[in-house]
$ cat coords-v7.txt   # compact mmCIF, C-alpha atoms
# COMPACT_ATOMS: atom_id res chain seq x y z
CA MET A 1 20.31 -33.86 -24.46
CA LYS A 2 17.28 -32.93 -22.45
CA GLU A 3 14.39 -31.85 -24.62
CA PRO A 4 12.97 -28.41 -23.93
CA GLN A 5 10.15 -28.60 -21.48
CA MET A 6 6.93 -28.14 -23.43
CA ARG A 7 4.44 -28.98 -20.74
CA THR A 8 3.99 -26.64 -17.81
CA PRO A 9 5.46 -28.27 -14.71
CA MET A 10 2.84 -29.73 -12.40
CA ARG A 11 3.75 -27.37 -9.59
CA HIS A 12 2.87 -24.48 -11.88
CA VAL A 13 -0.37 -26.15 -12.95
CA ARG A 14 -1.26 -26.55 -9.30
CA GLY A 15 -1.17 -22.77 -9.08
CA LEU A 16 1.73 -22.16 -6.74
CA GLY A 17 3.40 -19.42 -8.82
CA ALA A 18 6.53 -17.44 -8.01
CA ALA A 19 5.72 -16.90 -4.33
CA HIS A 20 4.61 -20.55 -3.88
CA THR A 21 1.31 -19.45 -2.41
CA GLY A 22 -1.03 -19.66 -5.42
CA THR A 23 -4.15 -17.56 -5.95
CA ARG A 24 -4.99 -17.27 -2.24
CA ASP A 25 -3.04 -14.00 -2.06
CA PHE A 26 -4.90 -12.57 -5.07
CA TRP A 27 -8.24 -13.18 -3.37
CA HIS A 28 -7.10 -11.99 0.06
CA GLN A 29 -5.78 -8.78 -1.54
CA ARG A 30 -9.32 -8.12 -2.85
CA VAL A 31 -10.91 -8.91 0.51
CA THR A 32 -8.55 -6.56 2.37
CA SER A 33 -8.97 -3.84 -0.28
CA VAL A 34 -12.76 -3.87 0.17
CA ALA A 35 -12.37 -3.80 3.96
CA GLY A 36 -9.80 -1.03 3.57
CA ILE A 37 -12.26 1.41 1.95
CA PRO A 38 -14.29 2.24 5.10
CA LEU A 39 -11.25 1.77 7.35
CA CYS A 40 -9.14 4.33 5.42
CA ILE A 41 -12.01 6.83 5.44
CA ALA A 42 -12.33 6.25 9.20
CA LEU A 43 -8.58 6.78 9.68
CA VAL A 44 -8.66 10.12 7.86
CA ILE A 45 -11.64 11.26 9.97
CA ILE A 46 -9.94 10.16 13.22
CA VAL A 47 -6.64 11.87 12.34
CA VAL A 48 -8.32 15.13 11.29
CA GLY A 49 -10.42 15.02 14.46
CA LEU A 50 -7.29 14.69 16.60
CA LEU A 51 -5.33 17.53 14.95
CA GLY A 52 -4.18 20.18 17.39
CA ARG A 53 -5.46 18.34 20.48
CA SER A 54 -3.38 17.86 23.62
CA HIS A 55 -1.65 14.57 24.37
CA ALA A 56 -4.16 13.79 27.13
CA ALA A 57 -7.11 14.30 24.77
CA VAL A 58 -5.45 12.21 22.03
CA VAL A 59 -4.84 9.37 24.51
CA GLN A 60 -8.44 9.49 25.71
CA ILE A 61 -9.94 9.47 22.20
CA LEU A 62 -7.57 6.84 20.72
CA GLY A 63 -8.16 4.64 23.75
CA SER A 64 -11.95 4.84 23.64
CA PRO A 65 -13.48 1.49 22.56
CA ILE A 66 -14.95 2.47 19.17
CA VAL A 67 -11.88 4.39 17.97
CA ALA A 68 -9.51 1.71 19.32
CA ILE A 69 -11.44 -1.08 17.59
CA ILE A 70 -11.48 0.83 14.28
CA MET A 71 -7.74 1.52 14.60
CA LEU A 72 -7.01 -2.14 15.40
CA LEU A 73 -9.05 -3.28 12.39
CA PHE A 74 -7.25 -0.71 10.22
CA ILE A 75 -3.84 -1.89 11.42
CA ILE A 76 -4.52 -5.63 11.00
CA ASN A 77 -6.20 -5.18 7.60
CA THR A 78 -3.55 -2.78 6.28
CA VAL A 79 -0.59 -4.84 7.45
CA TYR A 80 -1.93 -7.95 5.71
CA HIS A 81 -2.79 -5.97 2.56
CA MET A 82 0.65 -4.36 2.37
CA TRP A 83 2.37 -7.68 3.09
CA ILE A 84 0.70 -9.22 0.01
CA GLY A 85 1.32 -6.06 -2.06
CA MET A 86 5.03 -5.84 -1.30
CA GLN A 87 5.41 -9.57 -1.92
CA GLU A 88 3.84 -9.04 -5.35
CA ILE A 89 6.29 -6.22 -6.09
CA ILE A 90 9.25 -8.34 -4.91
CA ILE A 91 8.37 -11.40 -7.00
CA ASP A 92 7.85 -9.14 -10.02
CA TYR A 93 11.25 -7.45 -9.85
CA VAL A 94 13.60 -9.62 -7.78
CA HIS A 95 14.59 -12.75 -9.68
CA GLU A 96 17.78 -13.80 -7.91
CA ASP A 97 16.84 -16.57 -5.47
CA LYS A 98 18.85 -15.52 -2.41
CA LEU A 99 17.91 -11.86 -2.72
CA LYS A 100 14.28 -12.83 -3.28
CA LEU A 101 14.29 -14.96 -0.15
CA ALA A 102 15.94 -12.17 1.85
CA THR A 103 13.52 -9.48 0.67
CA LEU A 104 10.48 -11.72 1.19
CA LEU A 105 11.67 -12.44 4.73
CA GLY A 106 12.34 -8.74 5.29
CA ASN A 107 8.83 -7.95 4.08
CA THR A 108 7.29 -10.41 6.54
CA PHE A 109 9.39 -9.15 9.47
CA PHE A 110 8.60 -5.49 8.65
CA CYS A 111 4.85 -6.09 8.42
CA PHE A 112 4.72 -8.20 11.59
CA THR A 113 6.75 -5.63 13.54
CA ILE A 114 4.69 -2.66 12.37
CA GLY A 115 1.47 -4.54 13.02
CA PHE A 116 2.33 -5.80 16.49
CA ALA A 117 3.93 -2.52 17.61
CA SER A 118 0.91 -0.48 16.46
CA ALA A 119 -1.59 -2.94 17.94
CA PHE A 120 0.30 -2.98 21.23
CA ALA A 121 0.25 0.84 21.33
CA ILE A 122 -3.51 0.93 20.80
CA LEU A 123 -4.11 -1.73 23.47
CA LYS A 124 -1.88 0.17 25.89
CA LEU A 125 -3.84 3.37 25.19
CA SER A 126 -7.10 1.49 25.75
CA PHE A 127 -6.19 -0.30 28.94
CA GLY A 128 -4.19 2.64 30.25
CA VAL A 129 -1.32 0.68 31.79
CA MET B 130 20.16 -14.10 -22.36
CA ALA B 131 23.00 -12.03 -23.86
CA GLU B 132 24.69 -15.05 -25.47
CA LEU B 133 21.55 -16.03 -27.33
CA LYS B 134 21.26 -14.19 -30.63
CA ALA B 135 17.75 -13.68 -31.88
CA GLY B 136 16.95 -16.03 -34.75
CA SER B 137 19.99 -18.27 -34.13
CA THR B 138 19.19 -21.94 -34.74
CA THR B 139 22.71 -23.36 -34.40
CA GLY B 140 23.07 -23.29 -30.61
CA SER B 141 21.91 -26.04 -28.31
CA ARG B 142 19.18 -23.66 -27.23
CA ARG B 143 17.32 -21.58 -29.77
CA ALA B 144 16.45 -18.06 -28.75
CA ARG B 145 12.80 -17.94 -27.95
CA PRO B 146 10.79 -14.88 -28.87
CA LEU B 147 10.32 -12.64 -25.87
CA SER B 148 6.95 -11.22 -25.02
CA PRO B 149 6.77 -7.45 -25.45
CA HIS B 150 7.64 -5.52 -22.33
CA LEU B 151 6.85 -2.03 -21.03
CA GLN B 152 8.93 -0.11 -23.58
CA VAL B 153 6.84 -1.14 -26.61
CA TYR B 154 3.64 0.35 -25.27
CA LYS B 155 2.48 3.86 -25.95
CA LEU B 156 2.62 5.93 -22.79
CA MET B 157 -1.08 6.14 -22.05
CA LEU B 158 -2.77 7.50 -18.96
CA THR B 159 -4.16 4.10 -17.94
CA PHE B 160 -0.68 2.61 -18.18
CA VAL B 161 0.95 5.41 -16.19
CA MET B 162 -1.74 5.29 -13.53
CA SER B 163 -1.39 1.54 -13.21
CA GLY B 164 2.25 2.09 -12.32
CA PHE B 165 1.30 4.93 -10.02
CA HIS B 166 -1.06 2.63 -8.12
CA ARG B 167 1.86 0.34 -7.33
CA ILE B 168 4.16 3.27 -6.45
CA SER B 169 1.57 4.81 -4.11
CA GLY B 170 1.15 1.39 -2.50
CA ALA B 171 4.90 1.17 -1.88
CA VAL B 172 4.90 4.71 -0.44
CA LEU B 173 2.06 3.76 1.93
CA TYR B 174 3.98 0.62 2.92
CA PHE B 175 6.73 2.77 4.41
CA GLY B 176 4.19 5.37 5.47
CA MET B 177 2.89 2.85 8.00
CA LEU B 178 6.06 3.72 9.95
CA LEU B 179 4.43 7.13 10.55
CA ILE B 180 1.21 5.54 11.84
CA ALA B 181 3.20 3.22 14.10
CA TRP B 182 5.33 6.13 15.36
CA TRP B 183 2.19 8.20 16.01
CA LEU B 184 0.48 5.42 18.02
CA ILE B 185 3.60 4.39 19.94
CA ALA B 186 4.38 8.04 20.77
CA ALA B 187 0.84 8.57 22.05
CA ALA B 188 1.12 5.41 24.15
CA SER B 189 4.58 6.33 25.47
CA GLY B 190 3.71 9.70 27.00
CA PRO B 191 3.62 13.48 26.54
CA ASN B 192 7.34 13.84 25.76
CA ALA B 193 7.37 11.21 23.01
CA TYR B 194 4.16 12.70 21.60
CA ALA B 195 5.69 16.19 21.67
CA ASN B 196 8.60 14.89 19.57
CA PHE B 197 6.18 13.42 17.05
CA GLU B 198 4.18 16.65 16.94
CA TRP B 199 7.37 18.66 16.49
CA PHE B 200 8.37 16.58 13.46
CA MET B 201 4.89 16.73 11.95
CA GLY B 202 4.80 20.48 12.49
CA SER B 203 8.09 20.99 10.63
CA LEU B 204 8.15 21.75 6.92
CA ILE B 205 9.54 18.30 6.07
CA GLY B 206 6.99 16.64 8.33
CA ARG B 207 4.14 18.47 6.66
CA LEU B 208 5.43 17.60 3.19
CA VAL B 209 5.68 13.94 4.24
CA LEU B 210 2.18 14.02 5.69
CA PHE B 211 0.80 15.78 2.59
CA GLY B 212 2.43 13.12 0.41
CA TYR B 213 1.06 10.39 2.66
CA THR B 214 -2.46 11.88 2.45
CA TRP B 215 -2.31 12.01 -1.34
CA ALA B 216 -0.83 8.50 -1.63
CA LEU B 217 -3.52 7.12 0.71
CA LEU B 218 -6.44 8.76 -1.09
CA HIS B 219 -4.99 7.99 -4.51
CA HIS B 220 -4.45 4.34 -3.64
CA LEU B 221 -7.95 4.23 -2.15
CA LEU B 222 -9.60 5.58 -5.32
CA GLY B 223 -7.28 3.56 -7.57
CA GLY B 224 -8.22 0.47 -5.57
CA ILE B 225 -11.92 1.15 -6.10
CA ARG B 226 -11.18 1.51 -9.85
CA HIS B 227 -9.42 -1.85 -9.85
CA LEU B 228 -12.32 -3.44 -7.96
CA ILE B 229 -14.67 -2.12 -10.66
CA TRP B 230 -12.38 -3.60 -13.33
CA ASP B 231 -12.33 -6.90 -11.39
CA THR B 232 -16.06 -7.17 -12.07
CA ILE B 233 -15.31 -6.84 -15.84
CA HIS B 234 -16.94 -3.42 -16.10
CA GLY B 235 -15.54 -0.13 -17.37
CA PHE B 236 -13.20 -1.47 -20.04
CA GLU B 237 -14.50 0.56 -23.01
CA PRO B 238 -11.92 3.14 -24.18
CA ALA B 239 -13.96 6.12 -22.98
CA GLU B 240 -14.91 4.39 -19.72
CA ARG B 241 -11.41 3.44 -18.69
CA GLU B 242 -10.07 6.89 -19.51
CA LEU B 243 -12.89 8.39 -17.46
CA LEU B 244 -12.18 6.06 -14.51
CA VAL B 245 -8.49 6.92 -14.57
CA LEU B 246 -9.14 10.66 -14.82
CA ALA B 247 -11.69 10.43 -12.01
CA THR B 248 -9.07 8.73 -9.82
CA LEU B 249 -6.52 11.46 -10.46
CA VAL B 250 -8.85 14.45 -10.16
CA GLY B 251 -10.62 12.82 -7.20
CA SER B 252 -7.46 12.08 -5.25
CA ILE B 253 -6.04 15.59 -5.72
CA SER B 254 -9.35 17.26 -4.81
CA LEU B 255 -9.91 15.03 -1.78
CA THR B 256 -6.36 15.64 -0.54
CA LEU B 257 -6.86 19.41 -0.73
CA ILE B 258 -10.26 19.14 0.97
CA VAL B 259 -8.84 17.01 3.80
CA TRP B 260 -6.02 19.52 4.34
CA VAL B 261 -8.35 22.52 4.31
CA VAL B 262 -10.64 20.77 6.81
CA GLY B 263 -7.57 19.80 8.83
CA TYR B 264 -6.32 23.38 9.03
CA LEU B 265 -9.82 24.60 9.90
CA ALA B 266 -9.97 21.97 12.67
CA MET B 267 -6.69 23.35 14.04
CA GLY B 268 -7.96 26.92 13.79
CA GLY B 269 -5.96 28.02 10.74
CA PRO B 270 -2.37 27.41 9.55
CA ARG B 271 0.30 27.63 12.22
$ encode --input "coords-v7.txt" --output "structure tokens"
Amino acid sequence: MKEPQMRTPMRHVRGLGAAHTGTRDFWHQRVTSVAGIPLCIALVIIVVGLLGRSHAAVVQILGSPIVAIIMLLFIINTVYHMWIGMQEIIIDYVHEDKLKLATLLGNTFFCFTIGFASAFAILKLSFGV
Amino acid sequence: MAELKAGSTTGSRRARPLSPHLQVYKLMLTFVMSGFHRISGAVLYFGMLLIAWWLIAAASGPNAYANFEWFMGSLIGRLVLFGYTWALLHHLLGGIRHLIWDTIHGFEPAERELLVLATLVGSISLTLIVWVVGYLAMGGPR
């Protein structure tokens, strides 16, 4: 009979954890949360500033370089932050391997799609094609 | 784990003691707000659909933007946006609280209660302020 495993498996010692990505995600979540503070404040200011304006005015303001750059930074930063966050939620609550794989894949696809679609929209507004 | 009786030593595998889980803890504000930070994060995750819709509608043209504005002007749209505003500001303040805790500060009983209360009061106040400013920017409720 196999003895109970007393020593932590090497792959755990090497810090890969349940998502197989180690502590990198922990650190990147902190980096994106710090970056997110000014970016979220900027988003609220931009949205409030655009309330009640016509479509033409909204296009002009969202497409102006400073606003577009802030929005792009917000999108990229937020999408990465929420990708890590949802992965953390999934590996905390989903323990069945196939379902975990499916939800982790779904998380990645969702974040990539939202990120690229939003970034494309901002670039289109900026370059006015 | 159902087949393993606690304290049984006869089976090939002895039941191991389980670490205490959520139900053994007293329902304290810090504990509730920790969960709320995660919930608000999950809400914002799906809330990014709104941001994407907003940007894509603006990029698509006046008709698509009119549809977006119509939804946001409806009662449901405004409730969703109000919820999004609160979730965003709450997660923002909660995140700052967690960053403070990451530096190993603010862990005394009074301090952590204060931080948690500040998050809650701050997020509700800021949400109301943003909405009042928003309505003023639009020239009053419509």
$ interface_residues --input "coords-v7.txt" --of "chain B" --to "chain A" --cutoff "9 Å" --atoms "all atoms listed in the file" --output "ChimeraX atom specification"
/B:141-142,167,170-171,173-174,177-178,180-191,194-195,214,217-218,221-222,224-225,228,259-260,262-264,266-268
$ atom_distance --input "coords-v7.txt" --atom1 "CA of Thr248 in chain B" --atom2 "CA of Leu39 in chain A"
18.7 Å
$ atom_distance --input "coords-v7.txt" --atom1 "CA of His219 in chain B" --atom2 "CA of Ile258 in chain B"
13.5 Å
$ atom_distance --input "coords-v7.txt" --atom1 "CA of Leu246 in chain B" --atom2 "CA of Arg207 in chain B"
26.4 Å
$ axis_aligned_box --input "coords-v7.txt" --around "range 210-215 of chain B" --padding-each-side "6 Å" --output "AutoDock Vina command-line options"
--center_x 0.0 --center_y 13.1 --center_z 2.2 --size_x 16.9 --size_y 17.4 --size_z 19.0
